[in-house]
Each structure stands twice: as C-alpha cells, then as structure tokens.
$ cat work-v8.csv   # CSV, C-alpha atoms and all ligand atoms
chain,number,residue,atom,x,y,z
A,1,MET,CA,12.7,-22.2,14.3
A,2,SER,CA,10.8,-19.2,13.2
A,3,ALA,CA,11.8,-17.3,10.0
A,4,PRO,CA,14.4,-14.6,10.5
A,5,LYS,CA,12.9,-11.2,11.4
A,6,ARG,CA,12.5,-8.8,8.4
A,7,PHE,CA,13.8,-5.2,8.3
A,8,LEU,CA,13.4,-2.6,5.6
A,9,THR,CA,16.4,-0.4,4.8
A,10,GLU,CA,16.2,3.2,3.8
A,11,ASN,CA,18.4,2.8,0.7
A,12,ILE,CA,19.0,0.3,-2.0
A,13,ILE,CA,21.8,-2.2,-1.0
A,14,ASP,CA,24.7,-2.2,-3.3
A,15,TYR,CA,25.5,-5.9,-2.7
A,16,PRO,CA,28.1,-7.6,-3.3
A,17,ALA,CA,30.1,-4.3,-3.5
A,18,CYS,CA,28.9,-3.5,0.0
A,19,ALA,CA,28.1,-6.3,2.5
A,20,GLU,CA,27.7,-4.2,5.7
A,21,VAL,CA,24.4,-2.4,6.3
A,22,ALA,CA,23.6,-0.2,9.3
A,23,LEU,CA,20.2,-0.4,10.9
A,24,GLU,CA,19.2,2.9,12.6
A,25,GLY,CA,16.1,4.7,13.9
A,26,GLU,CA,12.8,2.9,13.8
A,27,GLN,CA,14.4,-0.4,12.5
A,28,PHE,CA,17.2,-0.3,15.1
A,29,ASN,CA,14.7,0.3,17.9
A,30,HIS,CA,12.5,-2.5,16.7
A,31,ALA,CA,15.5,-4.9,16.5
A,32,LYS,CA,17.1,-4.1,19.7
A,33,ASN,CA,14.4,-2.9,22.1
A,34,VAL,CA,11.3,-4.8,20.8
A,35,LEU,CA,12.8,-8.1,19.4
A,36,ARG,CA,15.9,-8.0,21.7
A,37,LEU,CA,18.1,-9.2,18.8
A,38,SER,CA,21.8,-9.1,19.5
A,39,VAL,CA,25.1,-10.0,17.8
A,40,GLY,CA,24.9,-13.3,15.9
A,41,ALA,CA,21.2,-13.1,15.2
A,42,GLU,CA,20.0,-13.9,11.7
A,43,ILE,CA,17.8,-11.3,10.0
A,44,THR,CA,16.4,-10.6,6.5
A,45,LEU,CA,16.9,-7.2,5.0
A,46,LEU,CA,14.5,-5.7,2.4
A,47,ASP,CA,15.7,-2.7,0.4
A,48,GLY,CA,12.6,-2.3,-1.8
A,49,SER,CA,14.2,-3.7,-4.9
A,50,GLY,CA,12.5,-7.1,-4.5
A,51,ARG,CA,15.7,-8.8,-3.2
A,52,GLU,CA,15.6,-10.4,0.3
A,53,TYR,CA,19.1,-10.4,1.8
A,54,SER,CA,20.2,-12.9,4.5
A,55,ALA,CA,22.3,-11.1,7.1
A,56,ILE,CA,23.8,-11.6,10.5
A,57,ILE,CA,24.0,-8.9,13.2
A,58,ALA,CA,27.8,-8.3,13.4
A,59,ALA,CA,27.9,-5.3,15.9
A,60,CYS,CA,25.4,-3.6,18.1
A,61,GLY,CA,25.8,0.0,19.5
A,62,LYS,CA,23.6,2.4,21.4
A,63,ARG,CA,22.1,4.0,18.3
A,64,ASP,CA,22.7,1.5,15.5
A,65,MET,CA,23.5,-2.0,14.5
A,66,THR,CA,25.6,-3.4,11.7
A,67,ALA,CA,24.4,-6.4,9.7
A,68,HIS,CA,26.7,-8.4,7.5
A,69,ILE,CA,25.0,-9.8,4.4
A,70,THR,CA,25.7,-13.4,3.4
A,71,GLY,CA,23.5,-13.7,0.3
A,72,TYR,CA,20.1,-12.9,-1.3
A,73,VAL,CA,17.2,-14.3,-3.1
A,74,VAL,CA,14.6,-12.5,-5.1
A,75,GLY,CA,11.3,-12.5,-3.1
A,76,ASP,CA,8.5,-14.6,-4.7
A,77,LYS,CA,5.5,-13.1,-2.9
A,78,GLU,CA,5.2,-9.8,-4.8
A,79,PRO,CA,2.2,-9.5,-7.0
A,80,LYS,CA,2.9,-9.7,-10.7
A,81,THR,CA,0.4,-7.0,-11.7
A,82,ASP,CA,0.6,-3.4,-10.6
A,83,VAL,CA,-2.6,-2.4,-8.7
A,84,ARG,CA,-3.0,1.1,-7.4
A,85,LEU,CA,-5.6,2.2,-4.8
A,86,LEU,CA,-6.8,5.7,-4.7
A,87,CYS,CA,-8.9,6.1,-1.5
A,88,GLY,CA,-10.6,9.1,0.1
A,89,ALA,CA,-9.1,10.2,3.4
A,90,LEU,CA,-11.0,8.6,6.2
A,91,LYS,CA,-11.8,9.6,9.8
A,92,GLY,CA,-9.8,8.4,12.8
A,93,ASP,CA,-7.5,5.5,12.0
A,94,LYS,CA,-9.6,4.1,9.2
A,95,THR,CA,-7.2,5.1,6.5
A,96,GLU,CA,-4.5,3.1,8.4
A,97,LEU,CA,-6.7,0.1,8.4
A,98,VAL,CA,-7.2,0.4,4.6
A,99,VAL,CA,-3.5,0.8,4.0
A,100,GLN,CA,-2.7,-2.2,6.1
A,101,LYS,CA,-5.3,-4.5,4.5
A,102,ALA,CA,-4.5,-3.3,1.0
A,103,THR,CA,-0.8,-4.0,1.5
A,104,GLU,CA,-1.5,-7.6,2.7
A,105,LEU,CA,-3.8,-8.1,-0.3
A,106,GLY,CA,-1.0,-7.1,-2.7
A,107,ILE,CA,-1.6,-3.5,-3.7
A,108,SER,CA,1.5,-1.8,-5.2
A,109,SER,CA,0.8,1.8,-4.3
A,110,VAL,CA,-1.8,3.9,-2.5
A,111,GLY,CA,-2.9,7.5,-3.0
A,112,VAL,CA,-5.1,9.1,-0.3
A,113,PHE,CA,-7.1,12.1,-1.5
A,114,ASN,CA,-9.2,14.9,-0.3
A,115,SER,CA,-12.5,15.4,-2.1
A,116,LYS,CA,-15.7,17.4,-1.9
A,117,TYR,CA,-17.5,15.4,0.8
A,118,CYS,CA,-14.3,14.3,2.6
A,119,SER,CA,-14.1,15.5,6.3
A,120,ALA,CA,-10.7,14.0,7.3
A,121,TYR,CA,-7.5,16.1,7.3
A,122,LEU,CA,-4.3,15.1,5.4
A,123,THR,CA,-1.0,16.2,6.8
A,124,PRO,CA,2.6,15.2,6.0
A,125,SER,CA,2.8,13.5,9.4
A,126,LYS,CA,-0.3,11.5,8.6
A,127,CYS,CA,1.4,10.5,5.3
A,128,GLU,CA,4.5,9.4,7.2
A,129,ARG,CA,2.4,7.4,9.6
A,130,LEU,CA,0.6,5.7,6.6
A,131,ASN,CA,3.9,4.7,5.1
A,132,LYS,CA,5.0,3.2,8.4
A,133,VAL,CA,1.8,1.2,8.5
A,134,ALA,CA,2.6,-0.1,4.9
A,135,ARG,CA,6.1,-1.0,5.9
A,136,GLU,CA,4.9,-2.9,9.0
A,137,ALA,CA,2.3,-4.8,7.0
A,138,THR,CA,4.9,-5.6,4.3
A,139,LYS,CA,7.1,-7.3,6.8
A,140,GLN,CA,4.3,-9.1,8.5
A,141,CYS,CA,2.8,-10.6,5.3
A,142,MET,CA,6.3,-11.5,4.0
A,143,ARG,CA,6.2,-9.1,1.0
A,144,SER,CA,9.6,-7.7,-0.1
A,145,VAL,CA,8.5,-4.3,-1.4
A,146,ALA,CA,6.5,-1.8,0.7
A,147,PRO,CA,3.8,0.0,-1.2
A,148,LYS,CA,4.4,3.8,-1.3
A,149,VAL,CA,1.6,6.0,0.1
A,150,GLU,CA,1.2,9.5,-1.2
A,151,ILE,CA,-1.4,12.2,-0.3
A,152,PHE,CA,-3.3,14.4,-2.8
A,153,GLU,CA,-4.9,17.6,-1.6
A,154,ARG,CA,-6.8,17.8,-4.9
A,155,PHE,CA,-9.0,15.0,-6.1
A,156,GLU,CA,-8.1,15.7,-9.7
A,157,ALA,CA,-4.4,15.3,-9.1
A,158,ALA,CA,-5.2,11.8,-7.6
A,159,LEU,CA,-7.2,10.9,-10.8
A,160,ALA,CA,-4.3,12.1,-12.9
A,161,SER,CA,-1.9,9.8,-11.1
A,162,ALA,CA,-3.8,6.9,-12.7
A,163,GLU,CA,-2.2,7.7,-16.1
A,164,GLY,CA,-0.9,4.7,-17.9
A,165,TYR,CA,-2.9,2.1,-16.0
A,166,GLN,CA,-4.7,-0.4,-18.3
A,167,ASN,CA,-7.8,-0.6,-16.2
A,168,LYS,CA,-9.3,2.3,-14.3
A,169,LEU,CA,-12.2,1.5,-12.0
A,170,PHE,CA,-14.3,3.9,-10.0
A,171,ALA,CA,-16.4,2.4,-7.2
A,172,CYS,CA,-19.5,4.6,-7.3
A,173,GLU,CA,-22.2,4.3,-4.7
A,174,PHE,CA,-24.9,5.9,-6.9
A,175,GLU,CA,-24.1,3.7,-10.0
A,176,ASN,CA,-26.6,0.9,-10.8
A,177,SER,CA,-24.5,-1.1,-13.3
A,178,SER,CA,-20.8,-1.7,-13.9
A,179,GLN,CA,-19.1,-0.4,-17.0
A,180,ALA,CA,-16.2,-2.9,-16.6
A,181,ASP,CA,-16.3,-6.6,-15.8
A,182,MET,CA,-14.3,-7.1,-12.6
A,183,ARG,CA,-14.5,-10.9,-13.1
A,184,ALA,CA,-12.2,-10.8,-16.1
A,185,LEU,CA,-9.4,-8.3,-15.5
A,186,ARG,CA,-6.0,-8.4,-17.1
A,187,GLY,CA,-3.2,-5.9,-16.7
A,188,SER,CA,-2.3,-3.0,-14.4
A,189,THR,CA,-5.3,-1.6,-12.6
A,190,CYS,CA,-6.1,1.6,-10.7
A,191,LEU,CA,-9.1,1.7,-8.2
A,192,VAL,CA,-10.9,4.7,-6.8
A,193,VAL,CA,-13.0,4.5,-3.7
A,194,GLY,CA,-14.5,7.4,-1.8
A,195,SER,CA,-14.5,8.6,1.8
A,196,GLU,CA,-17.4,8.4,4.3
A,197,GLY,CA,-19.1,11.3,2.6
A,198,GLY,CA,-19.0,9.6,-0.8
A,199,PHE,CA,-18.7,11.3,-4.2
A,200,ALA,CA,-20.3,14.3,-5.8
A,201,GLU,CA,-21.9,13.7,-9.3
A,202,GLU,CA,-19.4,16.0,-10.9
A,203,GLU,CA,-16.4,14.1,-9.4
A,204,TYR,CA,-17.7,10.9,-11.0
A,205,ALA,CA,-18.3,12.7,-14.3
A,206,LEU,CA,-14.8,14.2,-14.2
A,207,ALA,CA,-13.2,10.7,-13.6
A,208,ARG,CA,-15.1,9.1,-16.5
A,209,GLU,CA,-15.0,11.9,-19.0
A,210,LYS,CA,-11.5,13.4,-18.5
A,211,TYR,CA,-9.6,10.4,-17.0
A,212,GLY,CA,-11.2,7.4,-18.6
A,213,PHE,CA,-12.4,5.7,-15.5
A,214,ALA,CA,-15.2,3.0,-15.7
A,215,GLY,CA,-17.8,3.2,-13.0
A,216,VAL,CA,-18.4,0.0,-11.0
A,217,THR,CA,-21.0,-1.0,-8.5
A,218,LEU,CA,-20.5,-3.2,-5.5
A,219,GLY,CA,-24.2,-4.1,-5.4
A,220,LYS,CA,-27.3,-2.7,-3.8
A,221,ARG,CA,-26.0,-2.2,-0.3
A,222,ILE,CA,-24.0,0.9,0.6
A,223,LEU,CA,-20.7,-0.3,2.1
A,224,ARG,CA,-18.7,1.7,4.6
A,225,ALA,CA,-15.8,3.4,2.9
A,226,GLU,CA,-13.2,1.1,4.5
A,227,THR,CA,-15.2,-2.0,3.6
A,228,ALA,CA,-15.6,-0.8,0.0
A,229,ALA,CA,-11.8,-0.1,-0.3
A,230,ILE,CA,-10.8,-3.5,1.1
A,231,ALA,CA,-13.4,-5.3,-0.9
A,232,MET,CA,-12.3,-3.6,-4.2
A,233,CYS,CA,-8.7,-4.6,-3.5
A,234,ALA,CA,-9.7,-8.2,-2.8
A,235,ILE,CA,-12.0,-8.5,-5.8
A,236,VAL,CA,-9.5,-7.0,-8.3
A,237,LEU,CA,-6.5,-8.9,-7.0
A,238,PHE,CA,-8.5,-12.1,-7.1
A,239,SER,CA,-9.6,-11.4,-10.6
A,240,LEU,CA,-6.0,-10.8,-11.6
A,241,GLY,CA,-5.1,-14.2,-10.2
A,242,GLU,CA,-3.1,-12.9,-7.3
A,243,LEU,CA,-5.1,-14.5,-4.5
A,244,GLN,CA,-5.3,-18.0,-5.8
B,1,LIG,N1,-22.2,8.7,2.2
B,1,LIG,C1,-22.5,7.9,1.0
B,1,LIG,C2,-21.9,6.6,1.0
B,1,LIG,C3,-20.4,6.6,0.9
B,1,LIG,S1,-19.8,5.0,0.9
B,1,LIG,C4,-24.0,7.8,0.9
B,1,LIG,O1,-24.7,7.9,1.9
B,1,LIG,O2,-24.5,7.4,-0.2
B,1,LIG,C5,-18.0,5.3,0.7
B,1,LIG,C6,-17.5,4.9,-0.7
B,1,LIG,O3,-17.5,3.5,-0.7
B,1,LIG,C7,-18.2,5.4,-1.9
B,1,LIG,O4,-17.8,6.7,-2.3
B,1,LIG,C8,-17.8,4.3,-2.9
B,1,LIG,O5,-16.6,4.5,-3.5
B,1,LIG,C9,-17.8,3.0,-2.1
B,1,LIG,N2,-19.0,2.3,-2.1
B,1,LIG,C10,-19.8,2.0,-1.0
B,1,LIG,N3,-20.8,1.2,-1.4
B,1,LIG,C11,-20.7,1.0,-2.7
B,1,LIG,C12,-21.5,0.3,-3.7
B,1,LIG,N4,-22.6,-0.3,-3.3
B,1,LIG,N5,-21.1,0.3,-4.9
B,1,LIG,C13,-20.0,1.0,-5.3
B,1,LIG,N6,-19.2,1.7,-4.4
B,1,LIG,C14,-19.6,1.7,-3.1
$ encode --input "work-v8.csv" --output "structure tokens"
Amino acid sequence: MSAPKRFLTENIIDYPACAEVALEGEQFNHAKNVLRLSVGAEITLLDGSGREYSAIIAACGKRDMTAHITGYVVGDKEPKTDVRLLCGALKGDKTELVVQKATELGISSVGVFNSKYCSAYLTPSKCERLNKVAREATKQCMRSVAPKVEIFERFEAALASAEGYQNKLFACEFENSSQADMRALRGSTCLVVGSEGGFAEEEYALAREKYGFAGVTLGKRILRAETAAIAMCAIVLFSLGELQ
C-alpha cells in the first residue's frame, strides 16, 4: 500500500487538545476532486511545526472535510542546517523551477529579488504561486515543513535578510576565484544567485563590503541562472552533509 497522502494545514495544530482538523480550499479540492479521497481514508497532516500527524477522514462536505487525528511523529527528513536561497527573479516559469528543486534539495527559505539587470516582474500573486510550488514540492519529497518564499523589490533588502547566517555566499559570474571553501561548510548558510542578466559590479561590491558576503565561482563556464541556483543549493547542502 502506498504511503498516506500528505496535506499542509493553514495553522499549527493544537493536538491533543484539538483532534479534529478541517481541510478547505486548495487542500480540500486536492483531496476530494484530484485524489478522490473519502470518509475512512488515512492521510498525513503537516502543520509546518515539523510534526507529521496521522489522521482519518471523518466527514466530507461540499466545501470541506474533517480529519480526525490519531497520533503524530516528528518528521525525520528536514535538513538539520538552515540554508537560505536568495535568487534573482527569472523569466517565464523558471523561478518556479528553482523553488521546486531548491525545496527538494532541502532549502529552508527562499527570497526572490529584483536587481539592476533583472527583467522579470515580481507581484504578490507570483509570490503566492511560488509558495504553492514550495508546498507541493514539500509534500512530494516527504518533507514536513514547506520553505517560505518572499519577494524583495530592492536587492539590498534581500541582502539584509541574510543577517545572522554563519556563511554568506555570493555566486558571481565575473569572479575568478572563490573567497570561501564550499567543500568544507559548517553552519547556517545564505546563498545569492543572480537572474539571467547577472549582477552589476556595484551589487557585488555592496554584498561583500556592507553585508559580508564571500564571492564564489562555479568555474569557467557561465551557467544559466536556474542551473546556477540549483547547482549552488546542491553543492552547499552536500557540503553540509544533507545529501549523503
Ligand atoms: N548574463 C550574465 C550571466 C548571468 S548567469 C553574463 O552574460 O555574464 C546568472 C547567474 O548565475 C549569475 O548572476 C551568477 O549568480 C550565476 N552564475 C552563472 N555562472 C556562474 C559561474 N561560472 N560562477 C558563479 N556564478 C555563476
């Protein structure tokens, strides 16, 4: 039998005080109309706390379902180290691709920024769409916490959101040598990767001088922005011991 289908709840579940949870909107639609689940089906509920609740569908209406929780375990697939990705807004659905792959690889949060040579638009509905992609990827790869995706209209605000991270790495296409050793990382890490247009010299200087980023190169070839973002996530999570 395949594993019970996974659903993310809007709010933290106050279990055992409350053992009944309503599934509504996107989650209800997915359960009822896509997966055709009905009363008696076993499901797993994820509330973003790291707990994975076992539940049974107890009632099913036209707009919502009620699930009855029978117990929980703490998910064991979340990365131990906080890795944040700051990525330039990409054209078409490329940012969605990056958010999906970064989630599977184990990123904890994503910031999508606008910068000087960026030509994609950022809107609140795009942000909502990216969060939905992160939630879908979380369920699919069996994580228990969906990374939160935020958007930054100003590049500097994105850089400032890296405050407190132990390692700050800036993938720079015009840098010849790395100022940090990505083979031996320890501790929380924030990554910056540019959009199709790449970075301006002054953006790289600002990141290093004011925000303490170390420039890193991915070698002599110029990678597409989405390749660079996914490669950086894979390299860093491997180095931190999360992909072994
Ligand atoms: N338009 C630019 C390339 C942008 S590539 C040009 O023609 O030079 C998009 C982003 O991917 C870059 O901003 C950088 O963050 C990352 N990237 C691509 N290749 C890289 C490399 N060899 N080293 C470091 N970062 C790289």
$ residues_near_point --input "work-v8.csv" --point "(22.2, -13.8, -1.1)" --cutoff "10 Å" --atoms "all atoms listed in the file" --output "number ranges by chain"
A: 15-16, 51-55, 69-74
$ closest_residue --input "work-v8.csv" --among "A:Leu169, A:Val39, A:Ala184, A:Met65" --to "ligand LIG 1 (chain B)" --atoms "all atoms listed in the file"
A:Leu169
$ closest_residue --input "work-v8.csv" --among "A:Thr103, A:Thr95, A:Ser178, A:Ser239" --to "Ser195 (chain A)" --atoms "all atoms listed in the file"
A:Thr95
$ residues_around --input "work-v8.csv" --residues "Val133 (chain A)" --least-positions-apart "2" --cutoff "9 Å" --atoms "only C-alpha atoms" --output "list in words"
Glu96, Leu97, Val99, Gln100, Glu128, Arg129, Leu130, Asn131, Arg135, Glu136, Ala137 and Thr138 of chain A
$ residues_near_ligand --input "work-v8.csv" --ligand "ligand LIG 1 (chain B)" --cutoff "7 Å" --atoms "all atoms listed in the file" --output "short mmCIF file (atom, residue, chain, number, x, y, z; two decimals) with C-alpha atoms, in the frame of the given file"
data_model
loop_
_atom_site.label_atom_id
_atom_site.label_comp_id
_atom_site.auth_asym_id
_atom_site.auth_seq_id
_atom_site.Cartn_x
_atom_site.Cartn_y
_atom_site.Cartn_z
CA PHE A 170 -14.30 3.90 -10.00
CA ALA A 171 -16.40 2.40 -7.20
CA CYS A 172 -19.50 4.60 -7.30
CA GLU A 173 -22.20 4.30 -4.70
CA PHE A 174 -24.90 5.90 -6.90
CA GLU A 175 -24.10 3.70 -10.00
CA VAL A 192 -10.90 4.70 -6.80
CA VAL A 193 -13.00 4.50 -3.70
CA GLY A 194 -14.50 7.40 -1.80
CA SER A 195 -14.50 8.60 1.80
CA GLU A 196 -17.40 8.40 4.30
CA GLY A 197 -19.10 11.30 2.60
CA GLY A 198 -19.00 9.60 -0.80
CA PHE A 199 -18.70 11.30 -4.20
CA VAL A 216 -18.40 0.00 -11.00
CA THR A 217 -21.00 -1.00 -8.50
CA LEU A 218 -20.50 -3.20 -5.50
CA GLY A 219 -24.20 -4.10 -5.40
CA LYS A 220 -27.30 -2.70 -3.80
CA ARG A 221 -26.00 -2.20 -0.30
CA ILE A 222 -24.00 0.90 0.60
CA LEU A 223 -20.70 -0.30 2.10
CA ARG A 224 -18.70 1.70 4.60
CA ALA A 225 -15.80 3.40 2.90
CA ALA A 228 -15.60 -0.80 0.00
CA ALA A 229 -11.80 -0.10 -0.30
#
$ residues_around --input "work-v8.csv" --residues "Lys139 (chain A)" --least-positions-apart "6" --cutoff "8 Å" --atoms "only C-alpha atoms" --output "VMD selection string"
chain A and resid 6 to 8
$ closest_residue --input "work-v8.csv" --among "A:Glu10, A:Ala162, A:Ser108, A:Pro4" --to "Thr81 (chain A)" --atoms "only C-alpha atoms"
A:Ser108
$ residues_around --input "work-v8.csv" --residues "Lys148 (chain A)" --least-positions-apart "2" --cutoff "8 Å" --atoms "all atoms listed in the file" --output "list in words"
Ser108, Ser109, Val110, Asn131, Ala134, Ala146 and Glu150 of chain A
$ residues_near_point --input "work-v8.csv" --point "(2.2, -14.5, -5.4)" --cutoff "8 Å" --atoms "all atoms listed in the file" --output "list in words"
Asp76, Lys77, Glu78, Pro79, Lys80, Glu242 and Leu243 of chain A
$ atom_distance --input "work-v8.csv" --atom1 "CA of Glu203 (chain A)" --atom2 "CA of Ala231 (chain A)"
21.4 Å
$ axis_aligned_box --input "work-v8.csv" --around "region 195-205 of chain A" --padding-each-side "8 Å" --output "lines of an AutoDock Vina configuration file"
center_x = -18.2
center_y = 12.2
center_z = -5.0
size_x = 23.4
size_y = 23.6
size_z = 34.6
$ residues_around --input "work-v8.csv" --residues "Thr123 (chain A)" --least-positions-apart "2" --cutoff "12 Å" --atoms "only C-alpha atoms" --output "PyMOL selection string"
chain A and resi 89+112-114+120-121+125-130+150-153
$ atom_distance --input "work-v8.csv" --atom1 "CA of Ser119 (chain A)" --atom2 "CA of Lys210 (chain A)"
25.0 Å
$ closest_residue --input "work-v8.csv" --among "A:Gln27, A:Leu240, A:Val149, A:Glu226" --to "Asp93 (chain A)" --atoms "only C-alpha atoms"
A:Glu226
$ closest_residue --input "work-v8.csv" --among "A:Gly88, A:Pro147, A:Gly215, A:Gly187" --to "Ile107 (chain A)" --atoms "all atoms listed in the file"
A:Pro147
$ residues_around --input "work-v8.csv" --residues "Cys60 (chain A)" --least-positions-apart "6" --cutoff "9 Å" --atoms "all atoms listed in the file" --output "PyMOL selection string"
chain A and resi 32+38-39+66-67
$ atom_distance --input "work-v8.csv" --atom1 "CA of Gln179 (chain A)" --atom2 "CA of Ala214 (chain A)"
5.3 Å
$ closest_residue --input "work-v8.csv" --among "A:Lys5, A:Arg63, A:Arg154, A:Arg143" --to "Glu26 (chain A)" --atoms "only C-alpha atoms"
A:Arg63
$ decode --input "work-v8.csv" --residues "region 78-95 of chain A" --atoms "N, CA and C atoms" --output "tab-separated table (two decimals), in the first residue's frame"
chain	number	residue	atom	x	y	z
A	78	GLU	N	13.66	16.62	7.52
A	78	GLU	CA	14.03	18.04	7.41
A	78	GLU	C	15.54	18.21	7.56
A	79	PRO	N	16.13	19.11	6.79
A	79	PRO	CA	17.57	19.35	6.94
A	79	PRO	C	17.88	19.88	8.34
A	80	LYS	N	19.07	19.54	8.85
A	80	LYS	CA	19.45	20.00	10.19
A	80	LYS	C	19.98	21.42	10.15
A	81	THR	N	20.44	21.83	8.98
A	81	THR	CA	21.06	23.16	8.88
A	81	THR	C	20.18	24.08	8.04
A	82	ASP	N	20.06	25.32	8.49
A	82	ASP	CA	19.25	26.32	7.78
A	82	ASP	C	20.03	26.85	6.56
A	83	VAL	N	19.49	26.62	5.39
A	83	VAL	CA	20.11	27.16	4.17
A	83	VAL	C	19.07	28.03	3.46
A	84	ARG	N	19.43	29.26	3.22
A	84	ARG	CA	18.51	30.22	2.59
A	84	ARG	C	19.01	30.54	1.19
A	85	LEU	N	18.11	30.53	0.22
A	85	LEU	CA	18.48	30.88	-1.15
A	85	LEU	C	17.89	32.24	-1.50
A	86	LEU	N	18.76	33.15	-1.96
A	86	LEU	CA	18.30	34.44	-2.50
A	86	LEU	C	18.57	34.38	-3.99
A	87	CYS	N	17.51	34.47	-4.77
A	87	CYS	CA	17.64	34.24	-6.21
A	87	CYS	C	16.98	35.39	-6.98
A	88	GLY	N	17.62	35.85	-8.04
A	88	GLY	CA	17.03	36.90	-8.87
A	88	GLY	C	15.75	36.38	-9.52
A	89	ALA	N	14.78	37.28	-9.73
A	89	ALA	CA	13.52	36.87	-10.38
A	89	ALA	C	13.83	36.47	-11.82
A	90	LEU	N	13.34	35.31	-12.23
A	90	LEU	CA	13.65	34.78	-13.57
A	90	LEU	C	12.44	34.89	-14.48
A	91	LYS	N	12.71	34.82	-15.76
A	91	LYS	CA	11.62	34.96	-16.74
A	91	LYS	C	10.76	33.68	-16.82
A	92	GLY	N	9.54	33.85	-17.32
A	92	GLY	CA	8.64	32.70	-17.52
A	92	GLY	C	8.40	31.96	-16.21
A	93	ASP	N	8.48	30.62	-16.27
A	93	ASP	CA	8.25	29.87	-15.03
A	93	ASP	C	9.55	29.32	-14.45
A	94	LYS	N	10.67	29.98	-14.79
A	94	LYS	CA	11.98	29.50	-14.30
A	94	LYS	C	12.12	29.64	-12.78
A	95	THR	N	11.53	30.69	-12.20
A	95	THR	CA	11.66	30.83	-10.74
A	95	THR	C	10.92	29.68	-10.05
